[in-house]
2 protein chains.
Amino acid sequence: MTVKAPAEIGMRLEEVDTPALILDLDAFETNLKRLADAVGKRVRVRAHAKTHKCPEIGKRQVAAGAVGVCCQKVSEAEAMVEGGIADVLLTNEIVGARKLERVAALAKRARIGVCVDHADNVRDLQAAAQSAGAMVETYIELEVGMRRCGVAAGAPALALARTIAASPNLRFAGIHAYHGRAQHIRSAEERRAVIQNSFVLVSNTKALLEENKIVCPIVTGAGSGTFMFEVELGGWDEIQPGSYVFMDRDYARNEWAPPMPRFEHALFVLATVMSRPGPDLAVVDAGLKASSVDSGMPGVWERPGLSYTHASDEHGWVEIGQGAAAPGLGDKLLLVPGHCDPTVNLYDWYVCVREGVVESLWPITARGAVY
Amino acid sequence: MTVKAPAEIGMRLEEVDTPALILDLDAFETNLKRLADAVGKRVRVRAHAKTHKCPEIGKRQVAAGAVGVCCQKVSEAEAMVEGGIADVLLTNEIVGARKLERVAALAKRARIGVCVDHADNVRDLQAAAQSAGAMVETYIELEVGMRRCGVAAGAPALALARTIAASPNLRFAGIHAYHGRAQHIRSAEERRAVIQNSFVLVSNTKALLEENKIVCPIVTGAGSGTFMFEVELGGWDEIQPGSYVFMDRDYARNEWAPPMPRFEHALFVLATVMSRPGPDLAVVDAGLKASSVDSGMPGVWERPGLSYTHASDEHGWVEIGQGAAAPGLGDKLLLVPGHCDPTVNLYDWYVCVREGVVESLWPITARGAVY
């Protein structure tokens, strides 16, 4: 079920079979450096591996200064530990006995953190950790306004932290405070305002814990669209950007202004023109199964006047504007995915390209690791 | 990169780890029978494997009377031939030398058909077939109004058929006439009207070919939303339904009236409630990477008052209506995917269930086979 790689090392980009997921190594390395330069020593970086699902990338993030990675799923965390990452935070609630057994087993092999938002889940996690003889770093996830998971700030958060602190196989590690929706708000000023609200909730909760003699070692959170606001507000010890390594089309629609650095497009889908049914239309071989459209259609890279307007399962419609250079049958186009995370999850391989030549092929080990 | 199966044979459905792709075997077998009963001996069935990507399902479709399967991609066709299907039609243009080499190689091992809509592509296909010493069944794809691939009816179609007929390693096999958009038109009467238009184009083109002494052995096309219209109009020799085996939520929104049989929901995503942040909300562990949302959100199966309203990458929002039975933390819900094809493409395994027990695990061999 692992598909063969659509390329070989040393091949030129134009020779790569399509559709293929292309990683521009120069842009990727620029993005690693740009994050490190922006953040400096002010907070720890724990890069989110949900975006790339690839230990090769995780290891390069650690080499660039990250303390480890985040994952959303136990199976992702397993792939990261297998791949050589020693410190993984599950930025998510893990519910169900089978999954918690796997978390506890993993915590015997690596430093593993996990989030909780319910006392029943703390009880089950403690039971699994005790059975395995493991110690699990446990964070309360704070609801900071995106109406997803998380415990309410104030007294409910305090009660949950106390439950963790009373669990012998769990170490209370701090607060996870992440506002996912905020990442995609277009106006930088509105993004800052939402994070300012999170900051108040985080600060008040941390103060309440400390008044009650519960030390809160780490506040962790923030994504690629907001992290410098968290850094500047000062309430966070650790940030979790993921998409910054790739920069998709949806993130590119954000307003990027200081203090947020703008990242380079490093991830592309290479597609072939498979039909030219008329002068204003090219059909490419990359549709819904090649580029996720949940956050909009992909863009056509560096081909002015070409617009990818519609996708069916295996086809994409590329409209050719007046005066645009029309691609011929068999021509290849680079597409910028609308949303990088679910697009990456469609592929088994990154075809890593530098200056037009395939330099390496990195397996997307945690592709499909949803459970 | 193949994820371990989230279940074991003999396990009860409630024990399956989540998210998991569930196939209800009784409903699946009902759908196979319902298609065969509706069509009878009036046309050949060539089931579309783009939907399921699984030779185990393809073989059951052949056992139920299908002459073979359709695929959209060469890598899908390779997986089907490997898996024991002897007759595969690529209902798509295959462009590029590497792909055409693989088509020709496959045609040495099985009966392989392919569609063309351009003379340059016929030339390249002939060259590849000649190099391999293969014979490839070659269809002209006719543009029947969906503005995707396809040659225009009339003179352009005739010219293309002549080019095929003059190619020694290609056998002119007929006309591929498929209207993808029509499948999802809600009104049965409007669907019938669109197919009636296709019928005129097909009939005129076939007559033109025959006037010019080109025998047109097969007209093939039609999908799960329209196939009985093609059968009743009489212009098609072969139909290509795919989604009928699963019946997704988008297809369920169609008006189903005779002569179209209505199929049963056989495909589900099993999800776990991982957070209950408030009385009106449950968060499940199945988001964009577990169920494709390109054709709308999944539905919650047999849980009145629960609505899946929004997805992020790894989370789904299930709103709990007034008076609805609220699911507890850790409860499992079955979701009906909005669109079956791209949802299947996210998974490595069908967890096949009968009467609440896992009966088998079928590998989704062509998952991710996009090229």
# chains A, B, ... in the order shown; residues from 1 in each chain; ligands from 1
>>> closest_atom_pairs(of="chain A", to="chain B", cutoff="8 Å", atoms="only C-alpha atoms", output="tab-separated table")
residue	atom	partner	partner_atom	distance
A:Met1	CA	B:Thr365	CA	4.8
A:Thr2	CA	B:Met1	CA	5.9
A:Val3	CA	B:Ala369	CA	6.2
A:Pro6	CA	B:Tyr371	CA	7.7
A:Asp17	CA	B:Tyr371	CA	6.9
A:Thr18	CA	B:Tyr371	CA	5.5
A:Pro19	CA	B:Tyr371	CA	5.7
A:Ala20	CA	B:Tyr371	CA	7.9
A:Gln72	CA	B:Glu314	CA	7.2
A:Glu93	CA	B:Met274	CA	6.3
A:Ile94	CA	B:Met274	CA	6.9
A:Val95	CA	B:Met274	CA	5.6
A:Gly96	CA	B:Gly330	CA	6.1
A:Arg98	CA	B:Asp17	CA	7.4
A:Lys99	CA	B:Asp17	CA	7.9
A:Asp117	CA	B:Ser275	CA	7.3
A:His118	CA	B:Ser275	CA	7.7
A:Arg147	CA	B:Pro277	CA	7.7
A:Arg148	CA	B:Val283	CA	6.7
A:Cys149	CA	B:Ser275	CA	5.7
A:Gly150	CA	B:Pro277	CA	6.6
A:Val151	CA	B:Pro277	CA	7.0
A:Thr272	CA	B:Val95	CA	7.7
A:Val273	CA	B:Val95	CA	7.8
A:Met274	CA	B:Val95	CA	5.6
A:Ser275	CA	B:Cys149	CA	5.7
A:Arg276	CA	B:Cys149	CA	7.4
A:Pro277	CA	B:Cys149	CA	6.0
A:Val283	CA	B:Arg148	CA	6.7
A:Leu288	CA	B:Pro342	CA	6.8
A:Lys289	CA	B:Pro342	CA	5.9
A:Ala290	CA	B:Val370	CA	7.0
A:Val293	CA	B:Asp294	CA	6.7
A:Asp294	CA	B:Asp294	CA	6.3
A:Asp313	CA	B:Pro342	CA	6.9
A:Glu314	CA	B:Gln72	CA	7.2
A:Trp317	CA	B:Arg148	CA	7.5
A:Leu329	CA	B:Val95	CA	7.8
A:Gly330	CA	B:Val95	CA	6.0
A:Asp341	CA	B:Asp313	CA	7.5
A:Pro342	CA	B:Lys289	CA	5.9
A:Asn345	CA	B:Lys289	CA	7.2
A:Leu346	CA	B:Gly368	CA	6.1
A:Tyr347	CA	B:Gly368	CA	6.2
A:Asp348	CA	B:Met1	CA	6.9
A:Pro363	CA	B:Met1	CA	7.6
A:Ile364	CA	B:Met1	CA	6.9
A:Thr365	CA	B:Met1	CA	4.8
A:Ala366	CA	B:Met1	CA	6.4
A:Arg367	CA	B:Met1	CA	6.4
A:Gly368	CA	B:Leu346	CA	6.2
A:Ala369	CA	B:Val3	CA	6.2
A:Val370	CA	B:Pro19	CA	6.4
A:Tyr371	CA	B:Thr18	CA	5.5
>>> write_last_selection(atoms="N, CA and C atoms", output="compact mmCIF listing (two decimals), in the first residue's frame")
# COMPACT_ATOMS: atom_id res chain seq x y z
N MET A 1 0.83 -1.20 0.00
CA MET A 1 0.00 0.00 0.00
C MET A 1 0.86 1.25 0.00
N THR A 2 2.19 1.06 0.21
CA THR A 2 3.07 2.20 0.01
C THR A 2 3.33 2.32 -1.49
N VAL A 3 2.97 3.45 -2.03
CA VAL A 3 3.15 3.68 -3.46
C VAL A 3 4.64 3.91 -3.73
N PRO A 6 7.63 8.55 -7.14
CA PRO A 6 7.45 8.95 -8.54
C PRO A 6 8.71 9.55 -9.16
N ASP A 17 7.47 11.90 -12.33
CA ASP A 17 6.12 11.48 -12.72
C ASP A 17 5.10 12.24 -11.86
N THR A 18 3.90 12.34 -12.36
CA THR A 18 2.90 13.20 -11.69
C THR A 18 1.61 12.44 -11.45
N PRO A 19 0.82 12.91 -10.46
CA PRO A 19 1.13 13.99 -9.51
C PRO A 19 2.21 13.56 -8.51
N ALA A 20 3.01 14.51 -8.10
CA ALA A 20 4.06 14.26 -7.11
C ALA A 20 4.11 15.43 -6.15
N GLN A 72 -0.60 15.08 16.78
CA GLN A 72 -2.02 15.08 17.15
C GLN A 72 -2.52 13.68 17.48
N GLU A 93 -6.31 15.51 23.21
CA GLU A 93 -6.84 14.55 24.17
C GLU A 93 -6.78 13.15 23.55
N ILE A 94 -6.32 12.19 24.32
CA ILE A 94 -6.24 10.81 23.83
C ILE A 94 -7.23 10.00 24.65
N VAL A 95 -8.27 9.51 23.99
CA VAL A 95 -9.39 8.87 24.69
C VAL A 95 -9.55 7.43 24.23
N GLY A 96 -9.69 6.52 25.17
CA GLY A 96 -9.88 5.11 24.85
C GLY A 96 -8.73 4.28 25.38
N ARG A 98 -7.24 1.44 24.49
CA ARG A 98 -6.18 0.95 23.60
C ARG A 98 -5.18 2.05 23.29
N LYS A 99 -5.68 3.24 23.03
CA LYS A 99 -4.78 4.35 22.72
C LYS A 99 -3.93 4.73 23.93
N ASP A 117 -8.56 17.31 29.13
CA ASP A 117 -9.54 18.35 29.46
C ASP A 117 -10.68 17.81 30.31
N HIS A 118 -10.50 16.57 30.85
CA HIS A 118 -11.59 15.95 31.60
C HIS A 118 -11.01 15.01 32.66
N ARG A 147 -13.71 27.16 20.79
CA ARG A 147 -14.84 26.22 20.97
C ARG A 147 -14.51 24.86 20.36
N ARG A 148 -13.42 24.27 20.84
CA ARG A 148 -13.10 22.91 20.42
C ARG A 148 -12.86 22.16 21.73
N CYS A 149 -11.73 21.55 21.89
CA CYS A 149 -11.46 20.88 23.15
C CYS A 149 -10.96 21.91 24.17
N GLY A 150 -10.82 21.45 25.43
CA GLY A 150 -10.23 22.31 26.44
C GLY A 150 -11.12 22.52 27.64
N VAL A 151 -10.48 22.70 28.79
CA VAL A 151 -11.18 22.98 30.03
C VAL A 151 -11.28 24.50 30.18
N THR A 272 0.61 17.27 -14.54
CA THR A 272 0.78 17.25 -15.99
C THR A 272 -0.51 17.67 -16.67
N VAL A 273 -0.39 18.47 -17.71
CA VAL A 273 -1.54 18.79 -18.56
C VAL A 273 -1.88 17.54 -19.37
N MET A 274 -3.05 16.97 -19.11
CA MET A 274 -3.45 15.71 -19.75
C MET A 274 -4.50 15.91 -20.84
N SER A 275 -5.05 17.11 -20.94
CA SER A 275 -6.01 17.39 -22.00
C SER A 275 -6.05 18.89 -22.22
N ARG A 276 -6.25 19.27 -23.47
CA ARG A 276 -6.41 20.69 -23.82
C ARG A 276 -7.69 20.79 -24.66
N PRO A 277 -8.84 20.66 -23.98
CA PRO A 277 -10.09 20.57 -24.74
C PRO A 277 -10.49 21.86 -25.45
N VAL A 283 -6.65 20.70 -18.71
CA VAL A 283 -7.03 19.79 -17.64
C VAL A 283 -5.76 19.11 -17.15
N LEU A 288 -8.82 16.13 -6.49
CA LEU A 288 -9.07 16.05 -5.04
C LEU A 288 -8.15 15.07 -4.32
N LYS A 289 -7.69 14.04 -5.04
CA LYS A 289 -6.83 13.05 -4.40
C LYS A 289 -5.36 13.45 -4.45
N ALA A 290 -5.08 14.62 -5.03
CA ALA A 290 -3.70 15.09 -5.15
C ALA A 290 -3.45 16.39 -4.40
N VAL A 293 -8.75 20.45 -1.06
CA VAL A 293 -9.39 21.71 -1.43
C VAL A 293 -10.23 22.29 -0.29
N ASP A 294 -10.10 21.75 0.93
CA ASP A 294 -10.93 22.22 2.04
C ASP A 294 -10.74 23.70 2.33
N ASP A 313 -12.25 14.26 -8.72
CA ASP A 313 -11.37 13.35 -7.98
C ASP A 313 -9.95 13.28 -8.55
N GLU A 314 -9.87 13.14 -9.86
CA GLU A 314 -8.54 12.94 -10.48
C GLU A 314 -8.20 14.01 -11.51
N TRP A 317 -9.19 21.65 -13.26
CA TRP A 317 -9.48 22.57 -14.35
C TRP A 317 -8.56 23.78 -14.22
N LEU A 329 -0.13 20.16 -24.19
CA LEU A 329 -0.38 18.80 -23.73
C LEU A 329 0.93 18.18 -23.26
N GLY A 330 0.94 17.64 -22.05
CA GLY A 330 2.14 17.03 -21.51
C GLY A 330 3.02 17.99 -20.70
N ASP A 341 -1.43 20.56 5.26
CA ASP A 341 -1.49 19.36 6.10
C ASP A 341 -2.27 18.21 5.45
N PRO A 342 -3.54 18.42 5.05
CA PRO A 342 -4.25 17.29 4.44
C PRO A 342 -3.73 16.92 3.06
N ASN A 345 -0.88 14.49 3.64
CA ASN A 345 -1.43 13.21 4.10
C ASN A 345 -1.91 12.32 2.95
N LEU A 346 -1.89 12.83 1.71
CA LEU A 346 -2.27 12.03 0.54
C LEU A 346 -1.09 11.29 -0.07
N TYR A 347 0.12 11.63 0.34
CA TYR A 347 1.33 11.15 -0.35
C TYR A 347 2.21 10.27 0.55
N ASP A 348 3.00 9.42 -0.10
CA ASP A 348 3.97 8.60 0.61
C ASP A 348 5.38 9.16 0.58
N PRO A 363 10.48 9.59 3.02
CA PRO A 363 9.19 8.91 3.23
C PRO A 363 8.30 9.67 4.22
N ILE A 364 7.02 9.73 3.90
CA ILE A 364 6.05 10.39 4.79
C ILE A 364 5.50 9.29 5.70
N THR A 365 6.34 8.96 6.68
CA THR A 365 6.14 7.77 7.49
C THR A 365 4.78 7.75 8.18
N ALA A 366 4.32 8.91 8.62
CA ALA A 366 3.06 8.95 9.37
C ALA A 366 1.87 9.34 8.49
N ARG A 367 2.03 9.20 7.18
CA ARG A 367 0.90 9.41 6.26
C ARG A 367 -0.21 8.40 6.64
N GLY A 368 -1.40 8.92 6.82
CA GLY A 368 -2.51 8.02 7.16
C GLY A 368 -2.53 7.57 8.61
N ALA A 369 -1.61 8.08 9.41
CA ALA A 369 -1.57 7.71 10.83
C ALA A 369 -2.62 8.53 11.57
N VAL A 370 -3.86 8.10 11.49
CA VAL A 370 -4.96 8.90 12.04
C VAL A 370 -5.41 8.45 13.42
N TYR A 371 -4.93 7.29 13.88
CA TYR A 371 -5.49 6.80 15.15
C TYR A 371 -4.47 6.66 16.26
>>> select_by_dssp(residues="range 136-258 of chain B", states="helix (DSSP H, G or I)", output="NGL selection string")
:B and (155-165 or 181-184 or 188-211 or 227-233 or 243-245 or 249-252)
>>> residues_around(residues="range 67-69 of chain A", least_positions_apart="5", cutoff="10 Å", atoms="only C-alpha atoms", output="PyMOL selection string")
chain A and resi 44-50+55+58-59+61-62+77+80-81+85-91+111+238+240-242
>>> select_by_dssp(residues="range 262-347 of chain A", states="strand (DSSP E)", output="CSV table (one decimal) with all heavy atoms, in the first residue's frame")
chain,number,residue,atom,x,y,z
A,267,LEU,N,6.3,23.9,-0.6
A,267,LEU,CA,5.6,22.6,-1.0
A,267,LEU,C,4.8,22.9,-2.2
A,267,LEU,O,4.0,23.8,-2.3
A,267,LEU,CB,4.7,22.2,0.2
A,267,LEU,CG,4.1,20.9,0.1
A,267,LEU,CD1,5.1,19.8,0.5
A,267,LEU,CD2,2.8,20.8,0.9
A,268,PHE,N,4.9,21.9,-3.1
A,268,PHE,CA,4.2,22.0,-4.4
A,268,PHE,C,3.6,20.6,-4.8
A,268,PHE,O,4.2,19.6,-4.4
A,268,PHE,CB,5.1,22.5,-5.5
A,268,PHE,CG,5.7,23.9,-5.2
A,268,PHE,CD1,6.9,23.9,-4.5
A,268,PHE,CD2,5.1,25.0,-5.5
A,268,PHE,CE1,7.5,25.2,-4.2
A,268,PHE,CE2,5.7,26.3,-5.2
A,268,PHE,CZ,6.9,26.3,-4.6
A,269,VAL,N,2.6,20.7,-5.6
A,269,VAL,CA,2.2,19.4,-6.3
A,269,VAL,C,2.5,19.6,-7.8
A,269,VAL,O,2.1,20.6,-8.4
A,269,VAL,CB,0.6,19.2,-6.1
A,269,VAL,CG1,0.2,18.1,-7.1
A,269,VAL,CG2,0.3,18.9,-4.7
A,270,LEU,N,3.3,18.7,-8.3
A,270,LEU,CA,3.7,18.7,-9.7
A,270,LEU,C,2.6,18.0,-10.5
A,270,LEU,O,2.2,16.9,-10.1
A,270,LEU,CB,5.0,18.1,-9.9
A,270,LEU,CG,5.6,18.2,-11.4
A,270,LEU,CD1,6.0,19.6,-11.7
A,270,LEU,CD2,6.8,17.2,-11.5
A,271,ALA,N,2.0,18.6,-11.5
A,271,ALA,CA,0.9,18.1,-12.3
A,271,ALA,C,1.2,18.1,-13.8
A,271,ALA,O,2.0,19.0,-14.2
A,271,ALA,CB,-0.4,18.8,-12.0
A,272,THR,N,0.6,17.3,-14.5
A,272,THR,CA,0.8,17.3,-16.0
A,272,THR,C,-0.5,17.7,-16.7
A,272,THR,O,-1.6,17.3,-16.3
A,272,THR,CB,1.2,15.8,-16.5
A,272,THR,OG1,2.4,15.4,-15.9
A,272,THR,CG2,1.3,15.7,-18.0
A,273,VAL,N,-0.4,18.5,-17.7
A,273,VAL,CA,-1.5,18.8,-18.6
A,273,VAL,C,-1.9,17.5,-19.4
A,273,VAL,O,-1.1,17.1,-20.2
A,273,VAL,CB,-1.2,20.0,-19.5
A,273,VAL,CG1,-2.4,20.2,-20.5
A,273,VAL,CG2,-1.0,21.2,-18.7
A,274,MET,N,-3.1,17.0,-19.1
A,274,MET,CA,-3.5,15.7,-19.7
A,274,MET,C,-4.5,15.9,-20.8
A,274,MET,O,-4.8,15.0,-21.6
A,274,MET,CB,-4.0,14.7,-18.7
A,274,MET,CG,-5.1,15.3,-17.9
A,274,MET,SD,-5.7,14.2,-16.6
A,274,MET,CE,-6.6,13.1,-17.7
A,275,SER,N,-5.1,17.1,-20.9
A,275,SER,CA,-6.0,17.4,-22.0
A,275,SER,C,-6.1,18.9,-22.2
A,275,SER,O,-5.9,19.7,-21.3
A,275,SER,CB,-7.4,16.9,-21.6
A,275,SER,OG,-8.3,17.0,-22.7
A,276,ARG,N,-6.2,19.3,-23.5
A,276,ARG,CA,-6.4,20.7,-23.8
A,276,ARG,C,-7.7,20.8,-24.7
A,276,ARG,O,-7.6,21.0,-25.9
A,276,ARG,CB,-5.2,21.2,-24.6
A,276,ARG,CG,-4.0,21.6,-23.8
A,276,ARG,CD,-4.2,22.8,-22.9
A,276,ARG,NE,-5.0,23.8,-23.5
A,276,ARG,CZ,-4.5,24.7,-24.3
A,276,ARG,NH1,-3.2,24.8,-24.5
A,276,ARG,NH2,-5.3,25.6,-24.9
A,277,PRO,N,-8.8,20.7,-24.0
A,277,PRO,CA,-10.1,20.6,-24.7
A,277,PRO,C,-10.5,21.9,-25.5
A,277,PRO,O,-11.4,21.8,-26.3
A,277,PRO,CB,-11.1,20.2,-23.7
A,277,PRO,CG,-10.5,20.6,-22.4
A,277,PRO,CD,-9.0,20.5,-22.5
A,278,GLY,N,-9.9,23.0,-25.1
A,278,GLY,CA,-10.2,24.2,-25.8
A,278,GLY,C,-9.2,25.3,-25.5
A,278,GLY,O,-8.2,25.0,-24.7
A,281,LEU,N,-8.8,26.4,-21.7
A,281,LEU,CA,-8.8,25.3,-20.7
A,281,LEU,C,-7.7,24.3,-20.8
A,281,LEU,O,-7.5,23.8,-21.9
A,281,LEU,CB,-10.2,24.6,-20.7
A,281,LEU,CG,-10.4,23.5,-19.6
A,281,LEU,CD1,-10.3,24.1,-18.2
A,281,LEU,CD2,-11.7,22.8,-19.8
A,282,ALA,N,-7.0,24.0,-19.7
A,282,ALA,CA,-6.1,22.9,-19.6
A,282,ALA,C,-6.6,22.0,-18.5
A,282,ALA,O,-7.0,22.5,-17.4
A,282,ALA,CB,-4.7,23.3,-19.4
A,283,VAL,N,-6.7,20.7,-18.7
A,283,VAL,CA,-7.0,19.8,-17.6
A,283,VAL,C,-5.8,19.1,-17.1
A,283,VAL,O,-5.0,18.6,-18.0
A,283,VAL,CB,-8.1,18.8,-18.1
A,283,VAL,CG1,-8.4,17.8,-17.0
A,283,VAL,CG2,-9.3,19.5,-18.7
A,284,VAL,N,-5.5,19.2,-15.8
A,284,VAL,CA,-4.3,18.5,-15.2
A,284,VAL,C,-4.7,17.3,-14.5
A,284,VAL,O,-5.9,17.1,-14.1
A,284,VAL,CB,-3.6,19.5,-14.3
A,284,VAL,CG1,-3.0,20.7,-15.1
A,284,VAL,CG2,-4.4,20.0,-13.2
A,299,GLY,N,-3.1,27.1,-6.1
A,299,GLY,CA,-2.7,28.1,-7.1
A,299,GLY,C,-1.7,27.5,-8.1
A,299,GLY,O,-1.0,26.5,-7.8
A,300,VAL,N,-1.6,28.2,-9.3
A,300,VAL,CA,-0.6,27.8,-10.3
A,300,VAL,C,0.6,28.6,-10.1
A,300,VAL,O,0.5,29.9,-10.1
A,300,VAL,CB,-1.2,27.9,-11.7
A,300,VAL,CG1,-0.2,27.3,-12.7
A,300,VAL,CG2,-2.5,27.1,-11.8
A,306,LEU,N,-2.9,31.8,-15.4
A,306,LEU,CA,-3.4,30.4,-15.3
A,306,LEU,C,-4.1,30.3,-13.9
A,306,LEU,O,-3.5,30.7,-12.9
A,306,LEU,CB,-2.4,29.4,-15.4
A,306,LEU,CG,-1.6,29.3,-16.7
A,306,LEU,CD1,-0.7,28.0,-16.8
A,306,LEU,CD2,-2.5,29.4,-17.9
A,307,SER,N,-5.3,29.8,-13.8
A,307,SER,CA,-6.0,29.7,-12.6
A,307,SER,C,-6.6,28.3,-12.5
A,307,SER,O,-7.4,27.9,-13.3
A,307,SER,CB,-7.2,30.7,-12.5
A,307,SER,OG,-6.8,32.0,-12.8
A,308,TYR,N,-6.3,27.6,-11.4
A,308,TYR,CA,-6.9,26.3,-11.1
A,308,TYR,C,-8.3,26.6,-10.4
A,308,TYR,O,-8.3,27.1,-9.3
A,308,TYR,CB,-6.0,25.6,-10.2
A,308,TYR,CG,-6.4,24.1,-9.9
A,308,TYR,CD1,-5.5,23.1,-10.3
A,308,TYR,CD2,-7.5,23.8,-9.2
A,308,TYR,CE1,-5.8,21.7,-10.0
A,308,TYR,CE2,-7.8,22.5,-8.9
A,308,TYR,CZ,-6.9,21.4,-9.3
A,308,TYR,OH,-7.2,20.1,-9.0
A,309,THR,N,-9.4,26.3,-11.1
A,309,THR,CA,-10.7,26.8,-10.6
A,309,THR,C,-11.6,25.8,-10.0
A,309,THR,O,-12.5,26.1,-9.3
A,309,THR,CB,-11.4,27.5,-11.7
A,309,THR,OG1,-11.6,26.5,-12.8
A,309,THR,CG2,-10.7,28.7,-12.3
A,310,HIS,N,-11.3,24.5,-10.3
A,310,HIS,CA,-12.2,23.4,-9.9
A,310,HIS,C,-11.5,22.1,-10.0
A,310,HIS,O,-10.6,21.9,-10.8
A,310,HIS,CB,-13.4,23.5,-11.0
A,310,HIS,CG,-14.4,22.5,-10.7
A,310,HIS,ND1,-15.2,22.5,-9.6
A,310,HIS,CD2,-14.8,21.3,-11.4
A,310,HIS,CE1,-16.1,21.5,-9.6
A,310,HIS,NE2,-15.8,20.8,-10.7
A,311,ALA,N,-11.9,21.2,-9.0
A,311,ALA,CA,-11.3,19.9,-9.0
A,311,ALA,C,-12.3,18.8,-9.0
A,311,ALA,O,-13.4,18.9,-8.3
A,311,ALA,CB,-10.4,19.8,-7.7
A,316,GLY,N,-8.0,18.4,-12.5
A,316,GLY,CA,-8.1,19.8,-12.2
A,316,GLY,C,-8.3,20.6,-13.4
A,316,GLY,O,-7.7,20.4,-14.4
A,317,TRP,N,-9.2,21.6,-13.3
A,317,TRP,CA,-9.5,22.6,-14.4
A,317,TRP,C,-8.6,23.8,-14.2
A,317,TRP,O,-8.6,24.5,-13.2
A,317,TRP,CB,-10.9,23.1,-14.3
A,317,TRP,CG,-12.0,22.2,-14.8
A,317,TRP,CD1,-12.7,22.5,-16.0
A,317,TRP,CD2,-12.5,21.0,-14.3
A,317,TRP,NE1,-13.7,21.5,-16.2
A,317,TRP,CE2,-13.6,20.6,-15.2
A,317,TRP,CE3,-12.2,20.2,-13.2
A,317,TRP,CZ2,-14.3,19.4,-15.0
A,317,TRP,CZ3,-13.0,19.0,-13.0
A,317,TRP,CH2,-14.0,18.6,-13.9
A,318,VAL,N,-7.7,24.0,-15.2
A,318,VAL,CA,-6.9,25.2,-15.2
A,318,VAL,C,-7.3,26.1,-16.3
A,318,VAL,O,-7.2,25.8,-17.5
A,318,VAL,CB,-5.4,24.8,-15.4
A,318,VAL,CG1,-4.5,26.1,-15.5
A,318,VAL,CG2,-4.9,24.0,-14.2
A,319,GLU,N,-7.9,27.2,-15.9
A,319,GLU,CA,-8.4,28.2,-16.9
A,319,GLU,C,-7.3,29.1,-17.4
A,319,GLU,O,-6.4,29.5,-16.6
A,319,GLU,CB,-9.5,29.1,-16.3
A,319,GLU,CG,-10.6,28.4,-15.6
A,319,GLU,CD,-11.7,27.8,-16.5
A,319,GLU,OE1,-11.7,28.2,-17.7
A,319,GLU,OE2,-12.5,26.9,-16.1
A,320,ILE,N,-7.3,29.3,-18.7
A,320,ILE,CA,-6.2,30.1,-19.3
A,320,ILE,C,-6.7,31.5,-19.6
A,320,ILE,O,-7.6,31.6,-20.5
A,320,ILE,CB,-5.7,29.4,-20.6
A,320,ILE,CG1,-5.2,28.0,-20.2
A,320,ILE,CG2,-4.6,30.2,-21.2
A,320,ILE,CD1,-5.1,27.0,-21.4
A,332,LYS,N,4.2,20.3,-17.7
A,332,LYS,CA,4.1,20.2,-16.2
A,332,LYS,C,3.9,21.5,-15.5
A,332,LYS,O,4.6,22.5,-15.9
A,332,LYS,CB,5.2,19.4,-15.7
A,332,LYS,CG,5.1,17.9,-16.1
A,332,LYS,CD,6.2,17.0,-15.7
A,332,LYS,CE,5.9,15.6,-16.2
A,332,LYS,NZ,7.1,14.7,-16.0
A,333,LEU,N,3.1,21.6,-14.5
A,333,LEU,CA,2.8,22.8,-13.8
A,333,LEU,C,3.0,22.5,-12.3
A,333,LEU,O,2.7,21.4,-11.8
A,333,LEU,CB,1.4,23.2,-14.0
A,333,LEU,CG,0.9,23.6,-15.4
A,333,LEU,CD1,-0.6,23.9,-15.4
A,333,LEU,CD2,1.7,24.7,-16.0
A,334,LEU,N,3.6,23.5,-11.6
A,334,LEU,CA,3.7,23.4,-10.1
A,334,LEU,C,2.4,24.0,-9.5
A,334,LEU,O,2.1,25.2,-9.9
A,334,LEU,CB,4.9,24.0,-9.6
A,334,LEU,CG,6.2,23.3,-9.9
A,334,LEU,CD1,7.4,24.2,-9.6
A,334,LEU,CD2,6.3,22.0,-9.0
A,335,LEU,N,1.8,23.3,-8.6
A,335,LEU,CA,0.6,23.9,-7.9
A,335,LEU,C,1.0,24.2,-6.4
A,335,LEU,O,1.7,23.4,-5.8
A,335,LEU,CB,-0.5,22.9,-7.9
A,335,LEU,CG,-0.9,22.4,-9.3
A,335,LEU,CD1,-2.0,21.3,-9.2
A,335,LEU,CD2,-1.4,23.5,-10.2
A,336,VAL,N,0.5,25.3,-5.9
A,336,VAL,CA,0.7,25.6,-4.5
A,336,VAL,C,-0.6,25.1,-3.8
A,336,VAL,O,-1.7,25.6,-4.0
A,336,VAL,CB,0.9,27.1,-4.2
A,336,VAL,CG1,1.1,27.3,-2.7
A,336,VAL,CG2,2.1,27.6,-5.0
>>> closest_residue(among="B:Gly221, B:Gly328, B:Gly338, B:Gly133", to="Asp248 in chain B", atoms="only C-alpha atoms")
B:Gly338
>>> residues_around(residues="Ala157 in chain A", least_positions_apart="5", cutoff="12 Å", atoms="only C-alpha atoms", output="PyMOL selection string")
chain A and resi 116-119+139-144+150-152+162-164+174-177+201-202+204-209+212+214+216
>>> residues_around(residues="Arg186 in chain A", least_positions_apart="2", cutoff="10 Å", atoms="only C-alpha atoms", output="list in words")
Ala182, Gln183, His184, Ala188, Glu189, Glu190, Arg191, Gly225, Asp250, Tyr251, Ala252, Arg253, Asn254, Glu255 and Trp256 of chain A
